[in-house]
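Here is the file protein32.txt (compact mmCIF, C-alpha atoms).
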# COMPACT_ATOMS: atom_id res chain seq x y z
CA MET A 828 16.62 39.29 13.36
CA ILE A 829 14.30 36.39 14.14
CA THR A 830 10.98 36.71 12.35
CA ALA A 831 7.67 35.29 13.58
CA THR A 832 7.85 32.54 10.96
CA MET A 833 11.35 31.54 12.01
CA LEU A 834 10.22 31.45 15.63
CA VAL A 835 7.32 29.15 14.78
CA VAL A 836 9.64 26.83 12.86
CA LEU A 837 12.14 26.75 15.72
CA VAL A 838 9.42 26.09 18.30
CA SER A 839 7.99 23.21 16.28
CA PHE A 840 11.40 21.53 16.14
CA VAL A 841 12.32 22.07 19.80
CA ILE A 842 8.96 20.94 21.21
CA THR A 843 8.89 17.79 19.09
CA PHE A 844 12.47 16.94 20.00
CA LEU A 845 11.88 17.39 23.72
CA LEU A 846 8.67 15.37 23.65
CA SER A 847 10.33 12.53 21.75
CA LEU A 848 13.31 12.63 24.11
CA LEU A 849 11.29 12.71 27.35
CA LEU A 850 8.18 10.65 26.57
CA PRO A 851 10.11 7.35 26.75
CA PHE A 852 10.33 7.85 30.51
CA VAL A 853 6.55 7.36 30.50
CA VAL A 854 6.26 4.90 27.63
CA LYS A 855 9.13 2.58 28.57
CA PRO A 856 7.61 1.27 31.84
CA LEU A 857 4.37 0.59 29.99
CA LEU A 858 6.19 -1.41 27.31
CA VAL A 859 8.04 -3.40 29.99
CA ARG A 860 4.74 -4.32 31.68
CA LEU A 861 3.28 -5.36 28.34
CA GLY A 862 6.33 -7.47 27.57
CA VAL A 863 7.06 -5.78 24.25
CA VAL A 864 10.53 -7.24 23.72
CA ASP A 865 12.39 -7.91 20.48
CA VAL A 866 13.71 -11.49 20.52
CA PRO A 867 16.57 -12.09 18.04
CA ASN A 868 15.77 -14.14 14.92
CA GLU A 869 17.35 -14.88 11.53
CA ARG A 870 16.88 -11.27 10.45
CA SER A 871 18.17 -9.64 13.63
CA SER A 872 21.56 -7.97 13.93
CA HIS A 873 21.48 -7.99 17.73
CA GLU A 874 22.12 -10.97 19.99
CA LYS A 875 20.11 -10.26 23.15
CA PRO A 876 16.42 -9.47 23.71
CA VAL A 877 15.89 -5.68 23.56
CA LEU A 878 12.89 -3.57 24.48
CA ARG A 879 11.01 -2.49 21.37
CA GLY A 880 8.00 -0.28 20.73
CA LEU A 881 9.68 2.95 21.80
CA GLY A 882 8.47 4.37 18.50
CA LEU A 883 5.23 4.98 20.42
CA ALA A 884 6.91 7.98 22.06
CA VAL A 885 7.98 9.28 18.64
CA LEU A 886 4.45 8.74 17.32
CA ILE A 887 2.88 10.72 20.15
CA ALA A 888 5.40 13.55 19.78
CA ILE A 889 5.05 13.90 16.01
CA VAL A 890 1.26 13.57 15.84
CA LEU A 891 0.67 15.87 18.81
CA VAL A 892 2.82 18.70 17.48
CA GLU A 893 1.53 18.34 13.91
CA ALA A 894 -2.04 18.35 15.20
CA VAL A 895 -1.44 21.52 17.22
CA PHE A 896 0.11 23.33 14.28
CA THR A 897 -2.69 22.13 12.01
CA VAL A 898 -5.28 23.66 14.34
CA LEU A 899 -3.30 26.88 14.75
CA THR A 900 -2.81 27.21 10.99
CA ALA A 901 -6.49 26.55 10.34
CA SER A 902 -7.52 29.18 12.88
CA THR A 903 -5.26 31.86 11.37
CA ASP A 904 -5.89 30.99 7.71
CA PRO A 905 -9.03 28.85 7.41
CA ASP A 906 -9.21 29.25 3.64
CA GLY A 907 -5.55 28.40 3.08
CA THR A 908 -4.05 25.13 1.90
CA ALA A 909 -1.39 24.65 4.57
CA TRP A 910 -3.55 23.25 7.34
CA LYS A 911 -5.32 20.89 4.93
CA TYR A 912 -2.07 19.32 3.77
CA LEU A 913 -0.85 19.12 7.36
CA LEU A 914 -4.10 17.43 8.38
CA ILE A 915 -3.74 14.75 5.72
CA ILE A 916 -0.11 14.10 6.69
CA THR A 917 -0.97 13.98 10.40
CA LEU A 918 -3.85 11.54 10.01
CA GLY A 919 -1.95 9.30 7.59
CA THR A 920 1.10 9.26 9.86
CA MET A 921 -1.03 8.47 12.91
CA CYS A 922 -2.82 5.59 11.20
CA SER A 923 0.49 4.12 9.98
CA GLY A 924 1.90 4.24 13.50
CA PHE A 925 -1.22 2.70 15.04
CA LEU A 926 -1.04 -0.17 12.57
CA GLY A 927 2.53 -0.85 13.66
CA LEU A 928 1.52 -0.58 17.31
CA SER A 929 -1.15 -3.24 16.77
CA GLU A 930 1.51 -5.48 15.27
CA ASP A 931 3.78 -4.92 18.28
CA LEU A 932 1.09 -5.62 20.86
CA LYS A 933 -0.94 -8.46 19.36
CA GLY A 934 0.33 -9.32 15.91
CA ILE A 935 -1.75 -8.99 12.76
CA SER A 936 -2.24 -11.51 10.00
CA VAL A 937 -0.60 -10.68 6.68
CA PRO A 938 -3.94 -10.30 4.80
CA VAL A 939 -5.33 -7.90 7.41
CA ARG A 940 -2.10 -5.90 7.61
CA SER A 941 -1.93 -5.63 3.82
CA ALA A 942 -5.55 -4.54 3.62
CA VAL A 943 -5.06 -1.82 6.21
CA LEU A 944 -1.89 -0.62 4.49
CA LEU A 945 -3.74 -0.32 1.20
CA LEU A 946 -6.60 1.49 2.94
CA ILE A 947 -4.22 4.04 4.47
CA ALA A 948 -2.42 4.55 1.17
CA THR A 949 -5.66 4.81 -0.83
CA THR A 950 -7.44 7.29 1.42
CA THR A 951 -4.32 9.44 1.73
CA SER A 952 -3.62 9.49 -2.01
CA VAL A 953 -7.22 10.27 -2.92
CA ALA A 954 -7.45 13.00 -0.29
CA VAL A 955 -4.26 14.73 -1.49
CA ILE A 956 -5.20 14.54 -5.16
CA TRP A 957 -8.79 15.64 -4.55
CA LEU A 958 -7.67 18.56 -2.40
CA THR A 959 -5.10 19.76 -4.92
CA ARG A 960 -7.52 19.34 -7.82
CA ALA A 961 -10.12 21.36 -5.97
CA LEU A 962 -7.68 24.15 -5.08
CA TYR A 963 -5.95 24.56 -8.43
CA SER A 964 -7.70 24.50 -11.75
CA ALA A 965 -4.46 23.83 -13.61
CA PRO A 966 -2.10 21.83 -11.39
CA THR A 967 1.28 20.92 -12.83
CA PHE A 968 2.30 18.72 -9.90
CA GLY A 969 5.85 20.03 -10.10
CA TRP A 970 7.06 17.73 -12.87
CA ASN A 971 4.85 18.56 -15.87
CA PRO A 972 7.22 20.10 -18.43
CA LEU A 973 4.42 21.32 -20.72
CA PRO A 974 3.46 24.90 -19.75
CA TRP A 975 0.56 24.89 -22.18
CA VAL A 976 -1.25 22.16 -20.23
CA THR A 977 -4.20 23.76 -18.47
CA THR A 978 -6.09 20.68 -17.36
CA VAL A 979 -5.25 17.20 -16.17
CA SER A 980 -7.47 14.40 -17.48
CA VAL A 981 -9.24 11.97 -15.22
CA TRP A 982 -6.98 9.18 -16.48
CA VAL A 983 -3.90 11.05 -15.32
CA LEU A 984 -5.54 11.47 -11.93
CA VAL A 985 -6.30 7.76 -11.81
CA LEU A 986 -2.68 6.92 -12.63
CA LEU A 987 -1.50 9.32 -9.94
CA GLY A 988 -3.82 7.65 -7.47
CA ILE A 989 -2.52 4.18 -8.35
CA TYR A 990 1.04 5.44 -8.06
CA GLY A 991 0.27 6.96 -4.66
CA VAL A 992 -1.27 3.76 -3.33
CA LEU A 993 1.67 1.61 -4.44
CA PHE A 994 4.25 4.21 -3.40
CA ILE A 995 2.95 4.76 0.13
CA SER A 996 2.04 1.17 0.97
CA SER A 997 5.33 -0.21 -0.38
CA TYR A 998 7.48 2.34 1.43
CA ILE A 999 5.92 1.54 4.78
CA ASN A 1000 7.04 -2.05 4.20
CA VAL A 1001 10.45 -0.86 3.00
CA ALA A 1002 11.02 1.16 6.19
CA ASN A 1003 10.04 -1.89 8.22
CA PHE A 1004 12.51 -4.12 6.33
CA MET A 1005 15.32 -1.60 6.80
CA ASP A 1006 14.87 -1.18 10.54
CA GLY A 1007 17.55 -3.69 11.48
CA LEU A 1008 20.45 -1.74 13.02
CA ASN A 1009 20.78 0.76 15.82
CA GLY A 1010 20.63 4.24 14.37
CA ILE A 1011 19.55 3.43 10.84
CA SER A 1012 15.89 4.44 11.17
CA GLY A 1013 16.65 7.41 13.41
CA PHE A 1014 19.21 8.75 10.94
CA HIS A 1015 16.78 8.17 8.08
CA GLY A 1016 13.97 10.08 9.78
CA VAL A 1017 16.23 13.03 10.52
CA ILE A 1018 17.65 13.18 6.99
CA ALA A 1019 14.27 12.81 5.28
CA GLY A 1020 12.69 15.42 7.55
CA LEU A 1021 15.43 17.98 6.99
CA THR A 1022 15.30 17.34 3.24
CA PHE A 1023 11.55 17.97 3.14
CA ALA A 1024 12.02 21.11 5.24
CA ALA A 1025 14.66 22.37 2.79
CA ALA A 1026 12.39 21.59 -0.14
CA GLY A 1027 9.60 23.52 1.55
CA TYR A 1028 11.90 26.48 2.09
CA LEU A 1029 12.97 26.48 -1.57
CA THR A 1030 9.41 26.06 -2.91
CA PRO A 1031 7.16 29.14 -2.89
CA GLY A 1032 3.98 28.62 -0.89
CA ALA A 1033 5.14 25.37 0.75
CA GLY A 1034 5.71 26.61 4.28
CA TRP A 1035 3.62 23.71 5.57
CA LEU A 1036 6.30 21.35 4.26
CA ILE A 1037 8.91 23.07 6.43
CA ILE A 1038 6.81 22.33 9.52
CA ALA A 1039 6.08 18.73 8.47
CA GLY A 1040 9.75 18.10 7.69
CA LEU A 1041 11.15 19.60 10.88
CA VAL A 1042 8.63 17.79 13.08
CA LEU A 1043 9.58 14.50 11.41
CA ALA A 1044 13.31 15.20 11.84
CA ALA A 1045 12.95 16.29 15.47
CA GLY A 1046 10.83 13.26 16.39
CA PHE A 1047 13.46 10.78 15.26
CA ALA A 1048 16.34 12.91 16.57
CA GLY A 1049 14.80 12.63 20.03
CA PHE A 1050 14.68 8.85 19.72
CA LEU A 1051 18.35 8.41 18.76
CA PRO A 1052 19.83 8.81 22.27
CA TRP A 1053 17.59 5.98 23.51
CA ASN A 1054 18.52 3.80 20.57
CA LEU A 1055 22.27 4.41 20.61
CA THR A 1056 23.01 4.20 24.34
CA LYS A 1057 22.98 1.12 26.56
CA PRO A 1058 20.87 -0.85 27.26
CA GLY A 1059 19.22 0.46 24.09
CA ALA A 1060 15.69 0.27 22.79
CA PHE A 1061 14.10 -0.27 19.38
CA LEU A 1062 11.40 1.59 17.52
CA GLY A 1063 9.41 -1.58 17.00
CA ASP A 1064 6.83 -1.87 14.24
CA VAL A 1065 5.05 1.20 15.61
CA GLY A 1066 8.18 3.23 14.87
CA SER A 1067 9.13 1.70 11.53
CA TYR A 1068 5.56 1.94 10.21
CA LEU A 1069 5.44 5.50 11.52
CA LEU A 1070 8.70 6.29 9.71
CA GLY A 1071 7.60 4.75 6.43
CA GLY A 1072 4.15 6.33 6.56
CA ALA A 1073 5.37 9.80 7.52
CA VAL A 1074 8.12 9.88 4.89
CA ALA A 1075 6.02 8.43 2.06
CA ILE A 1076 2.89 10.49 2.76
CA THR A 1077 4.88 13.71 3.13
CA SER A 1078 6.76 12.90 -0.07
CA PHE A 1079 3.61 12.18 -2.09
CA THR A 1080 1.82 15.25 -0.72
CA ALA A 1081 4.79 17.43 -1.63
CA LEU A 1082 4.84 15.98 -5.15
CA ILE A 1083 1.16 16.63 -5.76
CA ALA A 1084 1.41 20.09 -4.20
CA GLY A 1085 4.07 21.14 -6.70
CA VAL A 1086 7.51 20.11 -5.43
CA PRO A 1087 9.67 18.55 -8.19
CA VAL A 1088 9.61 14.77 -8.07
CA LEU A 1089 13.36 14.30 -7.56
CA ALA A 1090 13.29 16.48 -4.46
CA THR A 1091 10.48 14.42 -2.98
CA ILE A 1092 12.06 11.00 -3.55
CA GLY A 1093 15.72 11.86 -2.91
CA PRO A 1094 15.73 10.63 0.71
CA MET A 1095 14.01 7.39 -0.28
CA ILE A 1096 15.95 5.95 -3.19
CA ILE A 1097 18.70 4.28 -1.13
CA TYR A 1098 16.09 2.49 0.99
CA PHE A 1099 14.07 1.50 -2.07
CA GLY A 1100 17.23 0.37 -3.86
CA ASP A 1101 18.45 -1.76 -0.94
CA VAL A 1102 15.14 -3.55 -0.45
CA GLY A 1103 14.35 -3.93 -4.15
CA THR A 1104 17.77 -5.29 -5.08
CA THR A 1105 17.83 -7.70 -2.14
CA LEU A 1106 14.38 -9.10 -2.88
CA VAL A 1107 15.22 -9.61 -6.56
CA LYS A 1108 18.43 -11.46 -5.61
CA ARG A 1109 16.56 -13.69 -3.19
CA VAL A 1110 13.85 -14.57 -5.69
CA ARG A 1111 16.44 -15.34 -8.39
CA ALA A 1112 18.28 -17.57 -5.92
CA GLY A 1113 15.12 -19.54 -5.24
CA HIS A 1114 14.55 -18.19 -1.72
CA LYS A 1115 11.22 -16.99 -0.37
CA TRP A 1116 11.24 -13.19 -0.45
CA ASP A 1117 9.38 -12.84 2.86
CA GLU A 1118 11.60 -15.14 4.92
CA PRO A 1119 13.76 -13.51 7.63
CA HIS A 1120 17.29 -12.88 6.36
CA LYS A 1121 20.33 -10.67 6.74
CA GLU A 1122 21.18 -9.97 3.11
CA HIS A 1123 20.51 -6.23 2.86
CA ALA A 1124 23.53 -4.08 2.08
CA TYR A 1125 23.45 -2.44 5.51
CA GLN A 1126 23.40 -5.88 7.17
CA ARG A 1127 26.32 -7.10 5.07
CA LEU A 1128 28.27 -4.02 6.12
CA GLN A 1129 27.67 -4.88 9.77
CA GLN A 1130 28.68 -8.49 9.14
CA LEU A 1131 32.06 -7.25 7.86
CA GLY A 1132 32.80 -6.05 11.37
CA MET A 1133 31.36 -2.56 11.30
CA SER A 1134 29.55 -1.34 14.37
CA HIS A 1135 25.83 -0.68 14.13
CA VAL A 1136 26.44 3.06 14.11
CA ALA A 1137 29.14 2.83 11.43
CA ALA A 1138 27.02 0.67 9.11
CA SER A 1139 24.01 2.89 9.69
CA GLY A 1140 26.25 5.88 9.04
CA VAL A 1141 27.22 4.54 5.62
CA ASN A 1142 23.56 4.19 4.71
CA ALA A 1143 22.90 7.69 6.05
CA ALA A 1144 25.79 9.19 4.07
CA PHE A 1145 24.44 7.78 0.80
CA THR A 1146 20.96 9.00 1.73
CA VAL A 1147 22.30 12.50 2.37
CA ALA A 1148 24.03 12.49 -1.03
CA ALA A 1149 20.86 11.33 -2.80
CA SER A 1150 18.80 13.93 -0.93
CA LEU A 1151 21.15 16.72 -1.98
CA LEU A 1152 20.86 15.61 -5.61
CA GLY A 1153 17.09 15.78 -5.27
CA LEU A 1154 17.22 19.26 -3.77
CA LEU A 1155 19.41 20.41 -6.67
CA SER A 1156 16.43 19.82 -8.96
CA LEU A 1157 14.84 22.86 -7.27
CA LEU A 1158 17.74 25.04 -8.36
CA VAL A 1159 18.36 23.94 -11.95
CA ALA A 1160 16.30 23.79 -15.12
CA PRO A 1161 14.28 20.58 -15.72
CA VAL A 1162 16.61 19.68 -18.59
CA TRP A 1163 19.23 18.78 -15.95
CA TRP A 1164 16.90 16.46 -14.04
CA ILE A 1165 17.89 13.48 -16.19
CA LEU A 1166 21.50 13.94 -15.15
CA LEU A 1167 20.49 14.18 -11.50
CA LEU A 1168 18.43 11.01 -11.86
CA VAL A 1169 21.36 9.14 -13.43
CA LEU A 1170 23.62 10.29 -10.61
CA GLY A 1171 21.03 9.11 -8.09
CA ILE A 1172 20.88 5.68 -9.68
CA ALA A 1173 24.68 5.58 -9.64
CA LEU A 1174 24.56 6.23 -5.89
CA VAL A 1175 22.20 3.29 -5.42
CA VAL A 1176 24.52 1.01 -7.40
CA LEU A 1177 27.60 2.21 -5.51
CA TYR A 1178 25.83 1.69 -2.18
CA GLN A 1179 24.95 -1.88 -3.15
CA LEU A 1180 28.56 -2.53 -4.15
CA THR A 1181 30.03 -1.03 -0.96
CA PRO A 1182 29.99 -4.28 1.10
CA ARG A 1183 31.73 -6.17 -1.71
CA LEU A 1184 34.31 -3.41 -2.21
CA LEU A 1185 35.07 -3.23 1.49
CA SER A 1186 35.31 -7.02 1.70
CA ARG A 1187 37.89 -7.09 -1.12
CA LYS A 1188 39.85 -4.32 0.55
CA MET A 1189 39.91 -6.18 3.86
CA THR A 1190 41.10 -9.42 2.23
CA ALA A 1191 43.68 -7.78 -0.03
Written as structure tokens, that's how I'd like the structure from this file.
Amino acid sequence: MITATMLVVLVSFVITFLLSLLLPFVVKPLLVRLGVVDVPNERSSHEKPVLRGLGLAVLIAIVLVEAVFTVLTASTDPDGTAWKYLLIITLGTMCSGFLGLSEDLKGISVPVRSAVLLLIATTTSVAVIWLTRALYSAPTFGWNPLPWVTTVSVWVLVLLGIYGVLFISSYINVANFMDGLNGISGFHGVIAGLTFAAAGYLTPGAGWLIIAGLVLAAGFAGFLPWNLTKPGAFLGDVGSYLLGGAVAITSFTALIAGVPVLATIGPMIIYFGDVGTTLVKRVRAGHKWDEPHKEHAYQRLQQLGMSHVAASGVNAAFTVAASLLGLLSLLVAPVWWILLLVLGIALVVLYQLTPRLLSRKMTA
């Protein structure tokens, strides 16, 4: 029997998917007129100019559906927490996407882009922490193992705020760095969204996270057919910034609202690991970290002869595994979280070694 809640969840997914799938018919001609084309450079894994900026359709679909459900939730339960969390996620996601759109259309200087990123991350983090602090007199934030703690000091709140700013702003950049193959960002959005939805289902009182997760997953699922079929189209900065902002803001909001930390970061550790490891290697080799390059693990997989979809699929498979480990933290006692964390780190290491292992196998 389908309950009213299940129907709402299903509707949110279907509407977002259809909007994301169909809006490109409207957005694509606009992008063509504006000349928003991705020209291959040292970082690119494609060889011909390809239309980019199709993430605008995903942005419209996700923000529109989240906004509608925020209003509906507020009208039915004005004193509840769900619509407030959804509002923060919606606004933060929208601002992240608009920043990327500005980069696609006109280009933004690094100082201005960095300042706006920090502004988005700061306002979002402060809003989530302030809201949760106001709603709960004794928040545990999902990871506090001390049941006797009844208050959180201002210094802990400050540290959480700093963490939120660095976490959100850095992940938006990470998602932008990782958007280099057909399918990789679309797969990531779907996996992260479904993981958040599962975490919301397994966490009492986090029904809003189910909606936020499914809308995110459906938005990027609707983009995949455009990305994976000829002549193809790219998300552009509007899409990669949207992806990074939506995933990071949803993750941080879930953490502060009470979801265990491992469940909130599971979908993100492979991306963080790839970018972090690559940047460290480049700096140690004397290269400039911000120069275009093709040294990420997913790029090296493609250079071994894998198709875009195959290389993106490897990244997605590791992300699924890490996400499942994170979700397991919702089902086991906190004492087992250290083991789950170690296994997650092992996945990151194995993912980084995959191109080298495959190369040795091919040459053996």
(request) For atom CA of A:Gly1049 and atom CA of A:Gly1010, determine how far apart the two atoms are, in Å to one decimal place. (result)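 Between atom CA of A:Gly1049 and atom CA of A:Gly1010 the gap works out to 11.7 Å.
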(request) May I ask which of the residues A:Gly1071, A:Gly1013, A:Gly862, A:Gly1085 is the closest one to A:Leu1157, counting only C-alpha atoms? (result) A:Gly1085
(request) Fewer than 6 positions away in the same chain doesn't count, so skip those; otherwise give me all residues within 12 Å of A:Val985, counting all atoms listed in the file, as number ranges by chain. (result) A: 949, 952-953, 956-957, 979, 991-992
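Using all atoms listed in the file, the nearest neighbour of A:Val1086 within the list A:Ala1138, A:Ala1033, A:Leu881, A:Ala1112 is A:Ala1033.
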(request) Calculate how many Å separate atom CA of A:Gly934 from atom CA of A:Leu1043, rounding to one decimal. (result)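 That distance, rounded to one decimal, is 25.9 Å.
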Incomplete stretch 1047-1064 of chain A brought to N, CA, C and O atoms, written out as a short mmCIF file (atom, residue, chain, number, x, y, z; two decimals), in the frame of the given file:
data_model
loop_
_atom_site.label_atom_id
_atom_site.label_comp_id
_atom_site.auth_asym_id
_atom_site.auth_seq_id
_atom_site.Cartn_x
_atom_site.Cartn_y
_atom_site.Cartn_z
N PHE A 1047 12.50 11.89 15.31
CA PHE A 1047 13.46 10.78 15.26
C PHE A 1047 14.81 11.17 15.87
O PHE A 1047 15.55 10.30 16.34
N ALA A 1048 15.13 12.47 15.88
CA ALA A 1048 16.34 12.91 16.57
C ALA A 1048 16.21 12.67 18.07
O ALA A 1048 17.18 12.27 18.74
N GLY A 1049 15.02 12.87 18.61
CA GLY A 1049 14.80 12.63 20.03
C GLY A 1049 14.87 11.17 20.41
O GLY A 1049 15.19 10.83 21.56
N PHE A 1050 14.61 10.29 19.45
CA PHE A 1050 14.68 8.85 19.72
C PHE A 1050 16.11 8.32 19.72
O PHE A 1050 16.44 7.36 20.43
N LEU A 1051 16.99 8.94 18.95
CA LEU A 1051 18.35 8.41 18.76
C LEU A 1051 19.12 8.18 20.06
O LEU A 1051 19.79 7.14 20.19
N PRO A 1052 19.09 9.09 21.03
CA PRO A 1052 19.83 8.81 22.27
C PRO A 1052 19.36 7.54 22.96
O PRO A 1052 20.18 6.82 23.57
N TRP A 1053 18.10 7.21 22.90
CA TRP A 1053 17.59 5.98 23.51
C TRP A 1053 18.05 4.76 22.74
O TRP A 1053 18.29 3.70 23.31
N ASN A 1054 18.16 4.91 21.43
CA ASN A 1054 18.52 3.80 20.57
C ASN A 1054 20.02 3.50 20.60
O ASN A 1054 20.44 2.34 20.48
N LEU A 1055 20.83 4.54 20.77
CA LEU A 1055 22.27 4.41 20.61
C LEU A 1055 23.02 4.24 21.92
O LEU A 1055 24.24 4.02 21.91
N THR A 1056 22.35 4.37 23.05
CA THR A 1056 23.01 4.20 24.34
C THR A 1056 22.51 2.94 25.02
O THR A 1056 21.39 2.49 24.78
N LYS A 1057 23.36 2.34 25.87
CA LYS A 1057 22.98 1.12 26.56
C LYS A 1057 21.95 1.42 27.64
O LYS A 1057 22.00 2.47 28.26
N PRO A 1058 21.00 0.48 27.87
CA PRO A 1058 20.87 -0.85 27.26
C PRO A 1058 20.22 -0.82 25.89
O PRO A 1058 20.08 -1.84 25.25
N GLY A 1059 19.80 0.35 25.42
CA GLY A 1059 19.22 0.46 24.09
C GLY A 1059 17.74 0.14 24.06
O GLY A 1059 17.19 -0.47 24.97
N ALA A 1060 17.11 0.56 23.01
CA ALA A 1060 15.69 0.27 22.79
C ALA A 1060 15.42 0.43 21.30
O ALA A 1060 16.09 1.21 20.62
N PHE A 1061 14.43 -0.30 20.80
CA PHE A 1061 14.10 -0.27 19.38
C PHE A 1061 12.79 0.47 19.13
O PHE A 1061 11.94 0.56 20.02
N LEU A 1062 12.65 0.95 17.93
CA LEU A 1062 11.40 1.59 17.52
C LEU A 1062 10.24 0.62 17.56
O LEU A 1062 9.12 0.99 17.92
N GLY A 1063 10.49 -0.63 17.17
CA GLY A 1063 9.41 -1.58 17.00
C GLY A 1063 8.65 -1.29 15.71
O GLY A 1063 8.96 -0.35 14.97
N ASP A 1064 7.63 -2.09 15.45
CA ASP A 1064 6.83 -1.87 14.24
C ASP A 1064 6.10 -0.53 14.30
O ASP A 1064 5.88 0.10 13.26
#
